[in-house]
Every structure is written in structure tokens, then in C-alpha cells.
file my_file-v1.tsv (TSV, C-alpha atoms)
chain	number	residue	atom	x	y	z
A	1	MET	CA	23.54	-22.31	8.48
A	2	GLU	CA	21.28	-24.46	10.62
A	3	ALA	CA	18.52	-22.68	12.49
A	4	SER	CA	15.64	-23.68	14.73
A	5	PHE	CA	12.41	-24.69	13.07
A	6	PRO	CA	10.29	-22.27	15.16
A	7	LEU	CA	12.45	-19.34	14.03
A	8	LEU	CA	12.13	-20.41	10.39
A	9	CYS	CA	8.34	-20.64	10.78
A	10	THR	CA	8.32	-17.15	12.30
A	11	VAL	CA	10.26	-15.74	9.36
A	12	VAL	CA	7.99	-17.44	6.81
A	13	GLY	CA	4.88	-16.24	8.67
A	14	LEU	CA	6.19	-12.69	8.84
A	15	ALA	CA	7.02	-12.75	5.11
A	16	LEU	CA	3.43	-13.77	4.38
A	17	VAL	CA	2.18	-10.96	6.62
A	18	PHE	CA	4.33	-8.55	4.60
A	19	ASP	CA	2.85	-9.98	1.40
A	20	PHE	CA	-0.67	-9.48	2.77
A	21	ILE	CA	0.14	-5.87	3.72
A	22	ASN	CA	1.77	-5.40	0.32
A	23	GLY	CA	-1.54	-6.53	-1.20
A	24	PHE	CA	-3.68	-3.89	0.50
A	25	HIS	CA	-0.92	-1.25	0.43
A	26	ASP	CA	-0.46	-1.64	-3.34
A	27	THR	CA	-4.04	-2.48	-4.31
A	28	ALA	CA	-4.26	1.02	-5.73
A	29	ASN	CA	-1.51	0.25	-8.24
A	30	ALA	CA	-3.86	-1.97	-10.20
A	31	ILE	CA	-7.34	-0.62	-9.56
A	32	ALA	CA	-7.20	3.07	-8.54
A	33	THR	CA	-7.81	4.30	-12.07
A	34	VAL	CA	-10.59	1.82	-12.87
A	35	VAL	CA	-12.36	2.80	-9.62
A	36	SER	CA	-11.90	6.57	-10.04
A	37	THR	CA	-13.26	6.47	-13.60
A	38	ARG	CA	-16.24	4.42	-12.34
A	39	VAL	CA	-15.68	1.70	-14.91
A	40	LEU	CA	-15.96	-0.87	-12.11
A	41	ARG	CA	-17.54	-0.63	-8.70
A	42	PRO	CA	-14.98	-0.67	-5.87
A	43	ILE	CA	-15.84	-4.16	-4.61
A	44	ALA	CA	-15.87	-5.66	-8.11
A	45	ALA	CA	-12.55	-3.96	-8.89
A	46	VAL	CA	-10.92	-5.30	-5.73
A	47	VAL	CA	-12.08	-8.88	-6.39
A	48	PHE	CA	-10.97	-8.57	-10.03
A	49	GLY	CA	-7.55	-7.27	-8.93
A	50	ALA	CA	-7.16	-9.97	-6.28
A	51	LEU	CA	-7.79	-12.82	-8.71
A	52	LEU	CA	-5.29	-11.49	-11.25
A	53	ASN	CA	-2.74	-10.66	-8.55
A	54	PHE	CA	-2.96	-14.31	-7.52
A	55	GLY	CA	-2.43	-15.49	-11.08
A	56	GLY	CA	0.45	-13.11	-11.68
A	57	ALA	CA	2.22	-14.23	-8.51
A	58	LEU	CA	2.54	-17.74	-9.95
A	59	MET	CA	4.33	-16.52	-13.09
A	60	GLY	CA	8.09	-16.95	-12.84
A	61	THR	CA	10.71	-16.49	-10.11
A	62	GLU	CA	13.25	-14.14	-11.73
A	63	VAL	CA	12.54	-11.25	-9.34
A	64	ALA	CA	12.54	-13.62	-6.34
A	65	ALA	CA	16.05	-14.78	-7.28
A	66	THR	CA	17.27	-11.17	-7.44
A	67	VAL	CA	15.89	-10.36	-3.99
A	68	GLY	CA	16.95	-13.64	-2.38
A	69	LYS	CA	20.48	-14.00	-3.70
A	70	GLY	CA	21.32	-11.15	-6.06
A	71	LEU	CA	21.79	-8.20	-3.68
A	72	VAL	CA	23.57	-9.61	-0.62
A	73	ASN	CA	25.96	-12.45	0.16
A	74	ALA	CA	23.47	-14.95	1.55
A	75	SER	CA	26.12	-17.27	3.02
A	76	THR	CA	27.08	-14.64	5.64
A	77	LEU	CA	23.55	-14.01	6.92
A	78	ASN	CA	21.28	-15.68	9.46
A	79	LEU	CA	17.55	-15.89	10.00
A	80	HIS	CA	17.60	-12.95	12.41
A	81	THR	CA	18.81	-10.78	9.52
A	82	VAL	CA	15.85	-11.81	7.39
A	83	LEU	CA	13.47	-11.38	10.34
A	84	CYS	CA	14.64	-7.81	11.01
A	85	ALA	CA	14.46	-6.92	7.32
A	86	ILE	CA	10.86	-8.09	6.96
A	87	ALA	CA	9.81	-6.46	10.24
A	88	ALA	CA	11.25	-3.09	9.20
A	89	ALA	CA	9.51	-3.27	5.81
A	90	ILE	CA	6.18	-4.06	7.49
A	91	ILE	CA	6.54	-1.09	9.86
A	92	TRP	CA	7.30	1.28	6.97
A	93	ASN	CA	4.40	-0.02	4.88
A	94	LEU	CA	1.94	0.47	7.74
A	95	ILE	CA	3.17	4.02	8.40
A	96	THR	CA	2.92	5.07	4.75
A	97	TRP	CA	-0.43	3.31	4.29
A	98	TRP	CA	-1.81	5.23	7.28
A	99	GLN	CA	-0.61	8.46	5.70
A	100	GLY	CA	-2.13	7.47	2.35
A	101	LEU	CA	1.23	7.67	0.58
A	102	PRO	CA	1.75	5.29	-2.40
A	103	THR	CA	5.33	4.35	-1.53
A	104	SER	CA	7.19	1.31	-2.81
A	105	SER	CA	6.83	-1.93	-0.86
A	106	SER	CA	9.64	-3.26	-3.04
A	107	HIS	CA	12.09	-0.56	-1.99
A	108	ALA	CA	10.96	-0.89	1.63
A	109	LEU	CA	11.86	-4.58	1.61
A	110	ILE	CA	15.12	-4.09	-0.28
A	111	GLY	CA	16.23	-1.16	1.86
A	112	SER	CA	15.46	-3.19	4.97
A	113	LEU	CA	17.41	-6.20	3.70
A	114	LEU	CA	20.45	-4.00	3.00
A	115	GLY	CA	20.25	-2.32	6.39
A	116	ALA	CA	19.94	-5.57	8.31
A	117	THR	CA	22.80	-7.09	6.29
A	118	PHE	CA	24.99	-4.04	6.96
A	119	VAL	CA	24.78	-4.58	10.73
A	120	SER	CA	24.66	-8.38	10.63
A	121	ALA	CA	27.44	-9.15	8.13
A	122	GLY	CA	29.11	-5.87	7.23
A	123	ASN	CA	29.21	-3.55	4.24
A	124	SER	CA	31.39	-5.91	2.19
A	125	ASN	CA	28.56	-8.45	2.00
A	126	ILE	CA	26.23	-6.05	0.20
A	127	MET	CA	26.57	-6.31	-3.57
A	128	TRP	CA	26.51	-2.58	-4.24
A	129	ASN	CA	27.03	-2.94	-8.01
A	130	ALA	CA	23.92	-5.12	-8.23
A	131	VAL	CA	22.03	-2.70	-5.98
A	132	GLY	CA	22.99	0.12	-8.33
A	133	THR	CA	21.98	-1.63	-11.54
A	134	LYS	CA	18.90	-3.54	-10.34
A	135	VAL	CA	17.49	-1.18	-7.69
A	136	VAL	CA	18.77	2.40	-7.87
A	137	ALA	CA	18.90	2.74	-11.67
A	138	PRO	CA	15.35	1.36	-12.15
A	139	MET	CA	14.18	3.59	-9.28
A	140	VAL	CA	15.36	6.59	-11.30
A	141	PHE	CA	14.54	5.49	-14.83
A	142	SER	CA	11.22	3.67	-14.39
A	143	PRO	CA	9.32	6.84	-13.32
A	144	VAL	CA	10.92	8.72	-16.22
A	145	LEU	CA	9.74	6.00	-18.59
A	146	GLY	CA	6.31	6.11	-16.97
A	147	ILE	CA	5.99	9.84	-17.58
A	148	VAL	CA	7.39	9.77	-21.13
A	149	ILE	CA	5.47	6.70	-22.35
A	150	GLY	CA	2.28	7.75	-20.56
A	151	PHE	CA	2.47	11.23	-22.11
A	152	THR	CA	3.25	9.84	-25.58
A	153	LEU	CA	0.52	7.20	-25.53
A	154	MET	CA	-2.08	9.66	-24.23
A	155	LEU	CA	-1.07	12.22	-26.86
A	156	ALA	CA	-1.44	9.59	-29.59
A	157	LEU	CA	-4.88	8.58	-28.29
A	158	THR	CA	-5.95	12.21	-28.09
A	159	TRP	CA	-4.96	12.82	-31.72
A	160	GLY	CA	-6.48	9.55	-32.85
A	161	PHE	CA	-9.88	10.12	-31.21
A	162	HIS	CA	-10.19	13.92	-31.25
A	163	LYS	CA	-13.10	13.77	-33.72
A	164	VAL	CA	-15.03	11.10	-31.77
A	165	LYS	CA	-17.80	12.20	-29.39
A	166	LEU	CA	-16.91	12.08	-25.69
A	167	GLY	CA	-19.72	9.66	-24.80
A	168	ARG	CA	-18.54	7.12	-27.37
A	169	ILE	CA	-14.92	7.49	-26.22
A	170	ASN	CA	-15.93	6.85	-22.60
A	171	ARG	CA	-17.93	3.75	-23.56
A	172	LEU	CA	-15.10	2.33	-25.69
A	173	PHE	CA	-12.30	2.96	-23.21
A	174	GLY	CA	-14.49	1.94	-20.31
A	175	ARG	CA	-14.44	-1.56	-21.82
A	176	LEU	CA	-10.77	-1.38	-22.78
A	177	GLN	CA	-9.85	-0.18	-19.31
A	178	ILE	CA	-11.07	-3.44	-17.80
A	179	ILE	CA	-8.47	-5.22	-19.95
A	180	SER	CA	-5.70	-2.75	-19.11
A	181	ALA	CA	-6.51	-2.89	-15.37
A	182	GLY	CA	-6.42	-6.69	-15.51
A	183	PHE	CA	-3.08	-6.61	-17.29
A	184	MET	CA	-1.78	-4.22	-14.62
A	185	ALA	CA	-3.01	-6.45	-11.78
A	186	LEU	CA	-1.41	-9.51	-13.39
A	187	ASN	CA	1.96	-7.78	-13.75
A	188	HIS	CA	1.74	-6.35	-10.25
A	189	GLY	CA	1.28	-9.83	-8.82
A	190	GLN	CA	4.15	-11.17	-10.91
A	191	ASN	CA	6.62	-8.53	-9.73
A	192	ASP	CA	5.56	-7.76	-6.16
A	193	ALA	CA	4.66	-11.20	-4.79
A	194	GLN	CA	8.04	-12.53	-5.91
A	195	LYS	CA	9.81	-10.26	-3.41
A	196	SER	CA	8.30	-12.13	-0.48
A	197	MET	CA	9.06	-15.39	-2.27
A	198	GLY	CA	12.68	-14.27	-2.46
A	199	MET	CA	12.83	-13.60	1.29
A	200	ILE	CA	11.29	-16.98	2.11
A	201	GLY	CA	13.65	-18.64	-0.36
A	202	LEU	CA	16.57	-16.92	1.39
A	203	ALA	CA	15.32	-18.15	4.78
A	204	LEU	CA	15.03	-21.71	3.48
A	205	LEU	CA	18.52	-21.49	2.02
A	206	LEU	CA	19.93	-20.34	5.36
A	207	SER	CA	18.15	-23.14	7.21
A	208	HIS	CA	19.00	-25.88	4.71
A	209	PRO	CA	22.07	-24.87	2.68
A	210	GLN	CA	22.13	-26.08	-0.92
A	211	SER	CA	23.85	-25.11	-4.15
A	212	ASP	CA	20.73	-23.91	-6.00
A	213	PHE	CA	18.31	-21.14	-5.06
A	214	VAL	CA	14.90	-22.76	-5.48
A	215	ILE	CA	11.41	-21.41	-4.78
A	216	PRO	CA	9.16	-24.39	-3.88
A	217	LEU	CA	5.61	-24.53	-5.19
A	218	TRP	CA	4.15	-24.14	-1.69
A	219	VAL	CA	6.03	-20.84	-1.32
A	220	LYS	CA	4.67	-19.55	-4.64
A	221	ALA	CA	1.12	-20.57	-3.74
A	222	SER	CA	1.32	-19.15	-0.20
A	223	CYS	CA	2.66	-15.78	-1.38
A	224	ALA	CA	0.12	-15.61	-4.18
A	225	LEU	CA	-2.72	-16.30	-1.73
A	226	ALA	CA	-1.42	-13.81	0.86
A	227	MET	CA	-1.19	-11.05	-1.74
A	228	ALA	CA	-4.63	-11.86	-3.13
A	229	LEU	CA	-6.19	-11.75	0.35
A	230	GLY	CA	-4.42	-8.47	1.05
A	231	THR	CA	-5.77	-7.05	-2.19
A	232	LEU	CA	-9.28	-8.11	-1.17
A	233	SER	CA	-8.96	-6.10	2.04
A	234	GLY	CA	-8.78	-2.86	0.04
A	235	GLY	CA	-6.39	-0.03	0.69
A	236	TRP	CA	-8.76	2.83	0.10
A	237	ARG	CA	-6.51	5.60	1.48
A	238	ILE	CA	-3.95	5.10	-1.30
A	239	ILE	CA	-6.64	4.48	-3.93
A	240	ARG	CA	-8.01	7.98	-3.17
A	241	THR	CA	-4.53	9.52	-3.49
A	242	LEU	CA	-3.76	7.91	-6.85
A	243	GLY	CA	-7.23	7.90	-8.34
A	244	THR	CA	-8.65	11.28	-7.34
A	245	LYS	CA	-6.23	13.56	-5.49
A	246	MET	CA	-3.43	13.59	-8.07
A	247	ILE	CA	-5.59	14.20	-11.14
A	248	LYS	CA	-9.18	13.70	-12.31
A	249	LEU	CA	-9.19	10.72	-14.70
A	250	GLN	CA	-11.45	9.69	-17.58
A	251	PRO	CA	-11.54	6.08	-18.92
A	252	ILE	CA	-9.19	6.96	-21.78
A	253	ASN	CA	-6.69	8.38	-19.26
A	254	GLY	CA	-6.96	5.29	-17.06
A	255	PHE	CA	-6.41	3.02	-20.05
A	256	ALA	CA	-3.28	4.93	-21.10
A	257	ALA	CA	-1.81	4.94	-17.58
A	258	GLU	CA	-2.48	1.26	-16.92
A	259	THR	CA	-1.17	0.16	-20.30
A	260	THR	CA	2.00	2.19	-19.81
A	261	ALA	CA	2.63	0.81	-16.34
A	262	SER	CA	1.90	-2.78	-17.38
A	263	LEU	CA	4.42	-2.68	-20.22
A	264	ILE	CA	7.18	-1.32	-17.98
A	265	ILE	CA	6.49	-3.70	-15.07
A	266	GLY	CA	6.15	-6.74	-17.35
A	267	GLY	CA	9.49	-5.96	-18.99
A	268	ALA	CA	11.17	-5.50	-15.61
A	269	SER	CA	9.81	-8.81	-14.32
A	270	HIS	CA	11.13	-10.61	-17.39
A	271	PHE	CA	14.66	-9.42	-16.60
A	272	GLY	CA	14.40	-10.09	-12.85
A	273	ILE	CA	14.33	-6.40	-11.88
A	274	PRO	CA	12.35	-5.67	-8.68
A	275	VAL	CA	10.89	-2.43	-9.97
A	276	SER	CA	8.48	-0.36	-7.91
A	277	THR	CA	4.99	-0.86	-9.28
A	278	THR	CA	3.91	2.15	-7.21
A	279	HIS	CA	6.47	4.46	-8.82
A	280	VAL	CA	5.57	3.27	-12.29
A	281	ILE	CA	1.79	3.67	-12.11
A	282	SER	CA	2.08	7.01	-10.28
A	283	SER	CA	4.46	8.42	-12.88
A	284	ALA	CA	2.32	7.04	-15.72
A	285	ILE	CA	-0.66	8.93	-14.28
A	286	MET	CA	1.48	12.09	-14.13
A	287	GLY	CA	2.52	11.66	-17.76
A	288	VAL	CA	-1.06	11.09	-18.88
A	289	GLY	CA	-2.25	14.09	-16.87
A	290	THR	CA	0.22	16.52	-18.37
A	291	THR	CA	-1.28	16.03	-21.84
A	292	LYS	CA	-4.31	18.00	-20.60
A	293	ARG	CA	-2.17	20.79	-19.16
A	294	VAL	CA	0.64	20.86	-16.65
A	295	SER	CA	-1.62	22.45	-14.04
A	296	ALA	CA	-4.06	19.52	-14.32
A	297	VAL	CA	-1.72	17.51	-12.11
A	298	ARG	CA	-1.85	18.49	-8.44
A	299	TRP	CA	1.89	18.92	-8.00
A	300	GLY	CA	1.66	19.46	-4.24
A	301	ILE	CA	0.39	15.90	-3.84
A	302	VAL	CA	3.03	14.70	-6.30
A	303	GLY	CA	5.73	16.42	-4.25
A	304	ASN	CA	4.69	14.53	-1.10
A	305	ILE	CA	4.73	11.26	-3.03
A	306	VAL	CA	8.18	11.90	-4.48
A	307	TRP	CA	9.61	12.74	-1.06
A	308	ALA	CA	8.25	9.43	0.23
A	309	TRP	CA	9.88	7.65	-2.74
A	310	VAL	CA	13.26	9.25	-2.07
A	311	LEU	CA	13.21	8.54	1.65
A	312	THR	CA	12.01	4.91	1.50
A	313	LEU	CA	15.40	3.26	0.85
A	314	PRO	CA	17.48	5.21	3.41
A	315	LEU	CA	14.84	5.19	6.15
A	316	THR	CA	14.08	1.47	5.85
A	317	PHE	CA	17.85	0.82	5.73
A	318	ALA	CA	18.22	2.72	9.02
A	319	LEU	CA	15.16	1.11	10.61
A	320	ALA	CA	16.27	-2.44	9.80
A	321	ALA	CA	19.83	-1.65	10.90
A	322	ALA	CA	18.48	-0.42	14.24
A	323	LEU	CA	16.35	-3.57	14.70
A	324	MET	CA	19.32	-5.76	13.82
A	325	TRP	CA	21.52	-3.87	16.30
A	326	VAL	CA	18.93	-4.46	19.04
A	327	PHE	CA	18.87	-8.19	18.24
A	328	ARG	CA	22.64	-8.38	18.39
A	329	THR	CA	22.74	-6.40	21.64
A	330	ILE	CA	20.25	-8.58	23.48

call {"tool": "encode", "arguments": {"input": "my_file-v1.tsv", "output": "C-alpha cells"}}
result
Amino acid sequence: MEASFPLLCTVVGLALVFDFINGFHDTANAIATVVSTRVLRPIAAVVFGALLNFGGALMGTEVAATVGKGLVNASTLNLHTVLCAIAAAIIWNLITWWQGLPTSSSHALIGSLLGATFVSAGNSNIMWNAVGTKVVAPMVFSPVLGIVIGFTLMLALTWGFHKVKLGRINRLFGRLQIISAGFMALNHGQNDAQKSMGMIGLALLLSHPQSDFVIPLWVKASCALAMALGTLSGGWRIIRTLGTKMIKLQPINGFAAETTASLIIGGASHFGIPVSTTHVISSAIMGVGTTKRVSAVRWGIVGNIVWAWVLTLPLTFALAAALMWVFRTI
């Protein structure tokens, strides 16, 4: 479907804005634990995370393909649909960032795309089976995996190092946590930046129809840079929620949580599943925390986070649908 060049530029620009916001909204996913355990100073941790986010964003396009062509029938959409979807996701991210809630930028974007498509092209053009298998099922199972694997790994580390003095443990895992935080940042960039790539790829496909869904190099580089710059801008509200409000972490806890989350996110990226990095790292921290005692986790904070998780898809769906309805009306 042919569209004006200015409108295409607007969509691409807005997608990069979303990627930038995603960077500072989800900075905590990679560096909250390494900051809260004081292994790295905040500024050093942010720069470290930004560089690895950039590198991760250049690794593969499997998730981008899922977002761009795997959830909706792209041939029935137009650029206004993509524009409304990105705008709704940005609004939701800014609201939840202001509240300090570590919600999923991935689910915000996907929920918005489904809502805008629902009004623009109708329910029949949403691939609900794919939504179920690649969005809803991972939304349910990835936090469960985060809790179970995080608990198991932390329990194993506790048994393995229970005779070692605390000071030596902190020094050892302080060094190891730099590696695990880097691995987390790399996987975060690989999974999250690809979602914006998918939206830009969809916009390009609508403007210049072709048989293959291709993500050009300039799109990869632009999204990688936008996310890295967003990461550099911080996101301290959510870092405080994940790193200090939910549970008090030691380096060994941070290492276990980051390693758990990295393995889950890396596996999801390999199979093109747009998993929520926020859900995974949050649940991994919960799993790690419960090895101390169940009361060590501040479940009131967790409850607020879970409510935000549950509401992200339906509320962004409704918000994007409303924006799309306004566009159609005017």
C-alpha cells in the first residue's frame, strides 16, 4: 500500500522514540541488581549496559519478524495503524515509568498493535493463534521459569558456598556479576530492540510492498543506537523498584537473578519469541529472594508489579483502539 513519504518518516521517527523510551524504561532490567549490590557505580553500570544493549540489538531479526508479520495480517493495514500502535505504547511506557512500575515495553507494543489492527482491519486480521503461542503463553510461563530457575540456581549456590566466608563470596560474585549483568544487557538489546525494528519493517513493507520481510541494516543500526542512548539516560525510578524495594540483594543474589534471566531471554530470542525482559528479571529476583525466606520478598510491591503486568495488554489494546478510532473519525 503506497503511502506518503512524510508519514513514513513520522512512523520511523516515532518508532525510534519508542526505542529510546524502551531503553530508559527497561534500563533496570540489565543493571538494577549490579547497581543495588554496589558492584558498579550507577554511571559506570549505565554506560556498560548501553554498550551491550547496542551490541545485542544487532544480533538477529527473529523477534522483529514475529512482531512485524507474525501477529497480524500486514496486507490489510496502513501506516496510520502502525502510527497509533506506537503512540499508544509510548504513552503507556511513560505512565508506568513515572509510577516506577517495571512493566513490559514488549507487551505494550504488541497490545497496541493488536488494538489498532482491531479497529483498522477487523478482528479476523489478528492471528490469535500466534498471539496465544508467542505472546500469551510466554507471558504466563516465562515468569514461572524465572521463579523456578532463579530459586533452583540460588539454592545450588547457597549449598555450594555455605562454608565460604561472606567477604570472599561477595568479592567473587562481585566480579562474576559484571559478566552476568553484561550477558543480561546483551540479551535485553537482542530481544527488545528488535520489536521496534519489526514495527519499522512493517511500515516499510506497507509503503513499498514486497514478498520478503526484510530489516535493512540502517534500521538495525538506528534502533540499536536509540536503545543505547535511552539506556544512557537512566531510568532510576524503576531501578529503585527492582534493585532495592522488592528485596535487598547481595552480589551472589544478583548473579543468580541475572544469569537466570539471560538464559530465558536468550532462548526466547533464538526462537523469535518477543518475551518480556521485565517479567523475566523481576520473577528471577523473586525466585532468588525466596531462598532466604518467603518474607524476604516485599510482596506488596510484587503485587503492584503483577497487576501492571496483567493490565498492560488489555489497556494498551484499548488505548491504541481508541487512537485508531479517532484517526478514522477525523

call {"tool": "residues_around", "arguments": {"input": "my_file-v1.tsv", "residues": "Val34 of chain A", "least_positions_apart": "4", "cutoff": "8 Å", "atoms": "all atoms listed in the file", "output": "mmCIF file with C-alpha atoms, in the coordinates of the input"}}
result
data_model
loop_
_atom_site.group_PDB
_atom_site.id
_atom_site.type_symbol
_atom_site.label_atom_id
_atom_site.label_comp_id
_atom_site.auth_asym_id
_atom_site.auth_seq_id
_atom_site.Cartn_x
_atom_site.Cartn_y
_atom_site.Cartn_z
ATOM 1 C CA ARG A 38 -16.240 4.420 -12.340
ATOM 2 C CA VAL A 39 -15.680 1.700 -14.910
ATOM 3 C CA LEU A 40 -15.960 -0.870 -12.110
ATOM 4 C CA ALA A 45 -12.550 -3.960 -8.890
ATOM 5 C CA GLN A 177 -9.850 -0.180 -19.310
ATOM 6 C CA ILE A 178 -11.070 -3.440 -17.800
ATOM 7 C CA ALA A 181 -6.510 -2.890 -15.370
ATOM 8 C CA PRO A 251 -11.540 6.080 -18.920
ATOM 9 C CA GLY A 254 -6.960 5.290 -17.060
#

call {"tool": "closest_residue", "arguments": {"input": "my_file-v1.tsv", "among": "A:Gln99, A:Asn129, A:Ser282, A:Ser269", "to": "Met59 of chain A", "atoms": "all atoms listed in the file"}}
result
A:Ser269

call {"tool": "atom_distance", "arguments": {"input": "my_file-v1.tsv", "atom1": "atom CA of Leu232 of chain A", "atom2": "atom CA of Leu249 of chain A"}}
result
23.2 Å

call {"tool": "closest_residue", "arguments": {"input": "my_file-v1.tsv", "among": "A:Phe317, A:Phe183, A:Phe118, A:Phe5", "to": "Ser207 of chain A", "atoms": "only C-alpha atoms"}}
result
A:Phe5

call {"tool": "axis_aligned_box", "arguments": {"input": "my_file-v1.tsv", "around": "segment 122-135 of chain A", "padding_each_side": "8 Å", "output": "lines of an AutoDock Vina configuration file"}}
result
center_x = 24.4
center_y = -4.2
center_z = -2.2
size_x = 29.9
size_y = 24.6
size_z = 34.8

call {"tool": "closest_atom_pairs", "arguments": {"input": "my_file-v1.tsv", "of": "segment 203-234 of chain A", "to": "segment 67-88 of chain A", "cutoff": "9 Å", "atoms": "all atoms listed in the file", "output": "JSON lines"}}
result
{"residue": "A:Ala203", "atom": "CA", "partner": "A:Leu79", "partner_atom": "CA", "distance": 6.1}
{"residue": "A:Leu205", "atom": "CA", "partner": "A:Ala74", "partner_atom": "CA", "distance": 8.2}
{"residue": "A:Leu206", "atom": "CA", "partner": "A:Asn78", "partner_atom": "CA", "distance": 6.4}
{"residue": "A:Ser207", "atom": "CA", "partner": "A:Leu79", "partner_atom": "CA", "distance": 7.8}
{"residue": "A:Pro209", "atom": "CA", "partner": "A:Ser75", "partner_atom": "CA", "distance": 8.6}
{"residue": "A:Phe213", "atom": "CA", "partner": "A:Lys69", "partner_atom": "CA", "distance": 7.6}

call {"tool": "atom_distance", "arguments": {"input": "my_file-v1.tsv", "atom1": "atom CA of Ala108 of chain A", "atom2": "atom CA of Ser196 of chain A"}}
result
11.7 Å

call {"tool": "atom_distance", "arguments": {"input": "my_file-v1.tsv", "atom1": "atom CA of Val135 of chain A", "atom2": "atom CA of Asn53 of chain A"}}
result
22.4 Å

call {"tool": "closest_residue", "arguments": {"input": "my_file-v1.tsv", "among": "A:Thr103, A:Thr329, A:Ser180, A:Thr312", "to": "Leu263 of chain A", "atoms": "all atoms listed in the file"}}
result
A:Ser180

call {"tool": "closest_residue", "arguments": {"input": "my_file-v1.tsv", "among": "A:Ser222, A:Asn22, A:Thr10, A:Ser4", "to": "Ser104 of chain A", "atoms": "all atoms listed in the file"}}
result
A:Asn22

call {"tool": "closest_residue", "arguments": {"input": "my_file-v1.tsv", "among": "A:Ala121, A:Val148, A:Leu229, A:Ala32", "to": "Thr278 of chain A", "atoms": "only C-alpha atoms"}}
result
A:Ala32

call {"tool": "closest_residue", "arguments": {"input": "my_file-v1.tsv", "among": "A:Asn253, A:Thr61, A:Thr316, A:Asn93", "to": "Ile285 of chain A", "atoms": "only C-alpha atoms"}}
result
A:Asn253

call {"tool": "residues_around", "arguments": {"input": "my_file-v1.tsv", "residues": "Leu58 of chain A", "least_positions_apart": "3", "cutoff": "7 Å", "atoms": "only C-alpha atoms", "output": "PyMOL selection string"}}
result
chain A and resi 54-55+190+220-221+224
